[in-house]
Amino acid sequence: MAIAAVAVIVPLGVLFFLSGLVVNLIQAVCFVLIRPLSKNTYRRINRAVAELLWLELVWLVDWWARVKIQLYTDSESFKLMGQEHALVICNHKSDIDWLVGWVLAQRSGCLGSSLAVMKKSSKLLPVIGWSMWFSEYLFLERNWAKDESTLKAGLQRLRDFPLPFWLALFVEGLPVPRNVLIPRTKGFVTAVSHMRTFVPAIYDVTVAIPKTSPAPTMIRLFRGQPSVVHVHLKRHLMKDLPETDDDVAQWCRDVFVAKDKLLDKHAAEDSFGEQLQDTGRPVKSLLVVVSWAILLILGALKFFQWSSLLSSWKGLSISAFALAIVTVLMQILIQFSQSERSTPAKVSPAKLKDGGETSGTREDKSQ
């Protein structure tokens, strides 16, 4: 990382990790003391507590880097966002697709109950991974033989979730179309099978970057460099999906073929061309970050006065070591955010009969 970027990342990292440890502590206490008595009460409390951490990252997008996220969807779907359970499927387009989802969830009032299917190693990430675990994210090993039962159990636990939630499932796999990846459908089929009765909708989300904007990255966010992101959302009723597993898998593949055409259209017009909804830029994330900053600065001043940590070389060395750890942890967070982007195809579409044969071959190795 460049020196200028480090100068910004370190203080923001200190703020994020110290406040995150406070959030993790509250989550742990609630998990031990409240969850055994009332799982739904714990979930409601955890939603509010988790938001105190996630809003710091929303602030990074909204107020620090001033990334402009434009949402294209019909007015009915827009009104229902945050009012219902939804399974979310999306293409990968930038390093911060997951953050774009959080921003939209925050606008819809369900940031604290936004969930995702993640790699198992993600839950080991300090602060952010621990908070995801307390928030009931689903963690898989990318080995279907091991993951099938884990995924089914995790989906079953969501059946009695007391608040509207979004579950993000990234299903892209084999590169064949120009703009997206043909999906690995086993996880999607399992999700649909187990969520039909209590999740009314699937949000088909397509992310694109306009030609006039650089692609957003975590480094650009920390540097305060703006970008523009276009998001198209199409709401599908779960009850309209086909009944058999094979037909659901084909439906998923067809959706990604349609995404590819939609992205071709966006590349030509630099817009999704449908209704552009005003999502605004709420001040809540700004207030949360300012509040955290004031509390932590006051706490740090009291601590340094009490400990005299900065009055000796040993104390200075400990402080420098702590800052180095924060820098390393922030680098890990940046690497974590780097998604597998949708890339132009290097395989001839003619080799993929009906858009599904090769995908099915790959699915046996991972979901």
# chains A, B, ... in the order shown; residues from 1 in each chain; ligands from 1

$ select_by_dssp --residues "stretch 88-291 of chain A" --states "strand (DSSP E)" --output "PyMOL selection string"
chain A and resi 88-90+114-119+138-140+166-169+172-175+181-183+201-208+228-237+276-277

$ select_by_dssp --residues "stretch 209-354 of chain A" --states "alpha helix (DSSP H)" --output "number ranges by chain"
A: 218-222, 245-269, 284-307, 313-337

$ closest_residue --among "A:Leu298, A:Val192, A:Val127, A:Leu99" --to "A:Ala28" --atoms "only C-alpha atoms"
A:Val127

$ closest_residue --among "A:Pro226, A:Gly101, A:Pro36, A:Gly82" --to "A:Lys68" --atoms "only C-alpha atoms"
A:Pro226

$ residues_around --residues "A:Ile334" --least-positions-apart "6" --cutoff "9 Å" --atoms "only C-alpha atoms" --output "ChimeraX atom specification"
/A:95,217-219

$ write_last_selection --atoms "all heavy atoms" --output "mmCIF file, in the first residue's frame"
data_model
loop_
_atom_site.group_PDB
_atom_site.id
_atom_site.type_symbol
_atom_site.label_atom_id
_atom_site.label_comp_id
_atom_site.auth_asym_id
_atom_site.auth_seq_id
_atom_site.Cartn_x
_atom_site.Cartn_y
_atom_site.Cartn_z
ATOM 1 N N ASP A 95 -14.594 -5.007 -6.559
ATOM 2 C CA ASP A 95 -14.119 -5.497 -5.269
ATOM 3 C C ASP A 95 -15.111 -5.231 -4.143
ATOM 4 O O ASP A 95 -14.990 -5.824 -3.065
ATOM 5 C CB ASP A 95 -12.788 -4.826 -4.907
ATOM 6 C CG ASP A 95 -11.640 -5.300 -5.782
ATOM 7 O OD1 ASP A 95 -11.840 -6.272 -6.535
ATOM 8 O OD2 ASP A 95 -10.548 -4.707 -5.715
ATOM 9 N N THR A 217 -12.718 0.192 -5.653
ATOM 10 C CA THR A 217 -11.948 -0.800 -4.909
ATOM 11 C C THR A 217 -11.826 -0.332 -3.466
ATOM 12 O O THR A 217 -12.085 0.838 -3.154
ATOM 13 C CB THR A 217 -10.537 -0.984 -5.491
ATOM 14 O OG1 THR A 217 -9.798 0.246 -5.315
ATOM 15 C CG2 THR A 217 -10.592 -1.337 -6.973
ATOM 16 N N MET A 218 -11.419 -1.229 -2.572
ATOM 17 C CA MET A 218 -11.248 -0.828 -1.186
ATOM 18 C C MET A 218 -10.179 0.246 -1.045
ATOM 19 O O MET A 218 -10.327 1.186 -0.252
ATOM 20 C CB MET A 218 -10.897 -2.042 -0.324
ATOM 21 C CG MET A 218 -12.050 -2.997 -0.090
ATOM 22 S SD MET A 218 -13.470 -2.272 0.762
ATOM 23 C CE MET A 218 -12.798 -2.029 2.409
ATOM 24 N N ILE A 219 -9.107 0.130 -1.820
ATOM 25 C CA ILE A 219 -8.051 1.140 -1.756
ATOM 26 C C ILE A 219 -8.599 2.508 -2.176
ATOM 27 O O ILE A 219 -8.323 3.532 -1.540
ATOM 28 C CB ILE A 219 -6.861 0.745 -2.651
ATOM 29 C CG1 ILE A 219 -6.107 -0.448 -2.051
ATOM 30 C CG2 ILE A 219 -5.914 1.913 -2.837
ATOM 31 C CD1 ILE A 219 -5.401 -0.128 -0.757
#

$ closest_atom_pairs --of "stretch 22-129 of chain A" --to "stretch 248-269 of chain A" --cutoff "10 Å" --atoms "only C-alpha atoms" --output "JSON lines"
{"residue": "A:Ile89", "atom": "CA", "partner": "A:Cys252", "partner_atom": "CA", "distance": 9.3}
{"residue": "A:Cys90", "atom": "CA", "partner": "A:Phe256", "partner_atom": "CA", "distance": 9.0}
{"residue": "A:Asn91", "atom": "CA", "partner": "A:Lys259", "partner_atom": "CA", "distance": 8.2}

$ closest_residue --among "A:Thr244, A:Ser311, A:Asn40, A:Ser213" --to "A:Asp270" --atoms "only C-alpha atoms"
A:Ser213

$ closest_residue --among "A:Glu51, A:Glu76, A:Asp240, A:Asp62" --to "A:Gln277" --atoms "only C-alpha atoms"
A:Glu76
